[in-house]
Amino acid sequence: MHTSLPDFHMPDDEQVQVAAEQFRLLADPTRVKILWALLQGETSVACLAELVGAAPTAVSQHLAKLRLAGLVHGRREGTFIYYTAADEHVRRLLTEALFQGEQLPQG
């Protein structure tokens, strides 16, 4: 059927599911702000709450979902957990999403 496209490879169902889940998680403005803040460095829930303008409980809930998706990591120090963005993949994803409009031709 697609013999005219020799280098065409459809991603498998698992790859598509993972990508869709990451896009779904990034569809929330608070999560985008949280991830962007975490790309600047490790921080706590209280600091993130202040940075993104949300209640600490809401930030904790968002972080739990982002952690399950592998987009953030937590490090426990005593009674506190400090979070960071998972890797350079998160930076690329957010940079593309946030700044793609700046690269579009005006017209």
# chains A, B, ... in the order shown; residues from 1 in each chain; ligands from 1
$ residues_around --residues "region 33-37 of chain A" --least-positions-apart "2" --cutoff "7 Å" --atoms "only C-alpha atoms" --output "list in words"
Pro29, Thr30, Arg31, Leu39, Gln40, Leu48, Val52 and Ala85 of chain A
$ atom_distance --atom1 "CA of Leu98 (chain A)" --atom2 "CA of Glu14 (chain A)"
26.1 Å
$ closest_residue --among "A:Ala97, A:Phe8, A:Arg24, A:Tyr82" --to "Ala46 (chain A)" --atoms "only C-alpha atoms"
A:Tyr82
$ residues_around --residues "Leu25 (chain A)" --least-positions-apart "3" --cutoff "8 Å" --atoms "only C-alpha atoms" --output "ChimeraX atom specification"
/A:21-22,28,31,65-66
$ closest_residue --among "A:Leu5, A:Gly41, A:Ala20, A:Cys47" --to "Phe80 (chain A)" --atoms "only C-alpha atoms"
A:Cys47
$ atom_distance --atom1 "CA of Gln17 (chain A)" --atom2 "CA of Gln100 (chain A)"
23.7 Å
$ atom_distance --atom1 "CA of Gly53 (chain A)" --atom2 "CA of Thr84 (chain A)"
18.3 Å
$ select_by_dssp --residues "chain A" --states "helix (DSSP H, G or I)" --output "JSON, numbers by chain"
{"A": [13, 14, 15, 16, 17, 18, 19, 20, 21, 22, 23, 24, 25, 29, 30, 31, 32, 33, 34, 35, 36, 37, 38, 39, 45, 46, 47, 48, 49, 50, 51, 52, 56, 57, 58, 59, 60, 61, 62, 63, 64, 65, 66, 67, 68, 88, 89, 90, 91, 92, 93, 94, 95, 96, 97, 98, 99, 100, 101, 102, 103]}
$ write_last_selection --atoms "C-alpha atoms" --output "PDB file, in the first residue's frame"
ATOM      1  CA  ASP A  13       0.627   1.234  19.415  1.00  0.00           C
ATOM      2  CA  GLU A  14       2.676   1.544  22.616  1.00  0.00           C
ATOM      3  CA  GLN A  15       4.751   4.424  21.234  1.00  0.00           C
ATOM      4  CA  VAL A  16       1.604   6.219  20.123  1.00  0.00           C
ATOM      5  CA  GLN A  17      -0.041   5.675  23.522  1.00  0.00           C
ATOM      6  CA  VAL A  18       2.990   7.095  25.387  1.00  0.00           C
ATOM      7  CA  ALA A  19       3.110  10.142  23.111  1.00  0.00           C
ATOM      8  CA  ALA A  20      -0.625  10.783  23.468  1.00  0.00           C
ATOM      9  CA  GLU A  21      -0.378  10.500  27.255  1.00  0.00           C
ATOM     10  CA  GLN A  22       2.464  13.025  27.369  1.00  0.00           C
ATOM     11  CA  PHE A  23       0.518  15.457  25.195  1.00  0.00           C
ATOM     12  CA  ARG A  24      -2.548  14.975  27.407  1.00  0.00           C
ATOM     13  CA  LEU A  25      -0.531  15.789  30.505  1.00  0.00           C
ATOM     14  CA  PRO A  29      -1.403  25.279  31.733  1.00  0.00           C
ATOM     15  CA  THR A  30      -0.394  24.706  35.364  1.00  0.00           C
ATOM     16  CA  ARG A  31       1.574  21.595  34.416  1.00  0.00           C
ATOM     17  CA  VAL A  32       3.354  23.496  31.653  1.00  0.00           C
ATOM     18  CA  LYS A  33       4.329  26.177  34.177  1.00  0.00           C
ATOM     19  CA  ILE A  34       5.473  23.559  36.693  1.00  0.00           C
ATOM     20  CA  LEU A  35       7.639  21.806  34.130  1.00  0.00           C
ATOM     21  CA  TRP A  36       9.119  25.076  32.886  1.00  0.00           C
ATOM     22  CA  ALA A  37       9.989  26.074  36.461  1.00  0.00           C
ATOM     23  CA  LEU A  38      11.581  22.661  37.059  1.00  0.00           C
ATOM     24  CA  LEU A  39      13.722  23.068  33.963  1.00  0.00           C
ATOM     25  CA  VAL A  45       6.285  22.037  46.134  1.00  0.00           C
ATOM     26  CA  ALA A  46       5.963  25.258  48.144  1.00  0.00           C
ATOM     27  CA  CYS A  47       8.300  27.130  45.829  1.00  0.00           C
ATOM     28  CA  LEU A  48       6.565  25.738  42.739  1.00  0.00           C
ATOM     29  CA  ALA A  49       3.182  26.764  44.132  1.00  0.00           C
ATOM     30  CA  GLU A  50       4.413  30.328  44.501  1.00  0.00           C
ATOM     31  CA  LEU A  51       6.005  30.366  41.047  1.00  0.00           C
ATOM     32  CA  VAL A  52       2.942  29.046  39.198  1.00  0.00           C
ATOM     33  CA  PRO A  56       0.478  23.569  47.128  1.00  0.00           C
ATOM     34  CA  THR A  57      -2.078  20.740  47.199  1.00  0.00           C
ATOM     35  CA  ALA A  58      -2.925  21.332  43.538  1.00  0.00           C
ATOM     36  CA  VAL A  59       0.781  21.448  42.631  1.00  0.00           C
ATOM     37  CA  SER A  60       1.325  18.159  44.501  1.00  0.00           C
ATOM     38  CA  GLN A  61      -1.464  16.512  42.519  1.00  0.00           C
ATOM     39  CA  HIS A  62      -0.008  17.744  39.232  1.00  0.00           C
ATOM     40  CA  LEU A  63       3.463  16.563  40.251  1.00  0.00           C
ATOM     41  CA  ALA A  64       2.141  13.100  41.093  1.00  0.00           C
ATOM     42  CA  LYS A  65       0.743  12.742  37.574  1.00  0.00           C
ATOM     43  CA  LEU A  66       3.879  14.131  35.964  1.00  0.00           C
ATOM     44  CA  ARG A  67       6.029  11.772  38.058  1.00  0.00           C
ATOM     45  CA  LEU A  68       3.953   8.740  37.036  1.00  0.00           C
ATOM     46  CA  GLU A  88      16.373  17.006  28.046  1.00  0.00           C
ATOM     47  CA  HIS A  89      13.316  15.483  26.311  1.00  0.00           C
ATOM     48  CA  VAL A  90      11.066  17.600  28.574  1.00  0.00           C
ATOM     49  CA  ARG A  91      13.038  20.759  27.691  1.00  0.00           C
ATOM     50  CA  ARG A  92      12.729  20.071  23.949  1.00  0.00           C
ATOM     51  CA  LEU A  93       9.016  19.312  24.206  1.00  0.00           C
ATOM     52  CA  LEU A  94       8.236  22.498  26.149  1.00  0.00           C
ATOM     53  CA  THR A  95      10.518  24.721  24.105  1.00  0.00           C
ATOM     54  CA  GLU A  96       8.857  23.566  20.902  1.00  0.00           C
ATOM     55  CA  ALA A  97       5.375  24.016  22.355  1.00  0.00           C
ATOM     56  CA  LEU A  98       6.009  27.398  23.973  1.00  0.00           C
ATOM     57  CA  PHE A  99       8.079  29.109  21.320  1.00  0.00           C
ATOM     58  CA  GLN A 100       6.977  27.610  18.007  1.00  0.00           C
ATOM     59  CA  GLY A 101       4.738  30.617  17.358  1.00  0.00           C
ATOM     60  CA  GLU A 102       7.710  32.972  17.470  1.00  0.00           C
ATOM     61  CA  GLN A 103       9.239  31.198  14.477  1.00  0.00           C
TER      62      GLN A 103
END
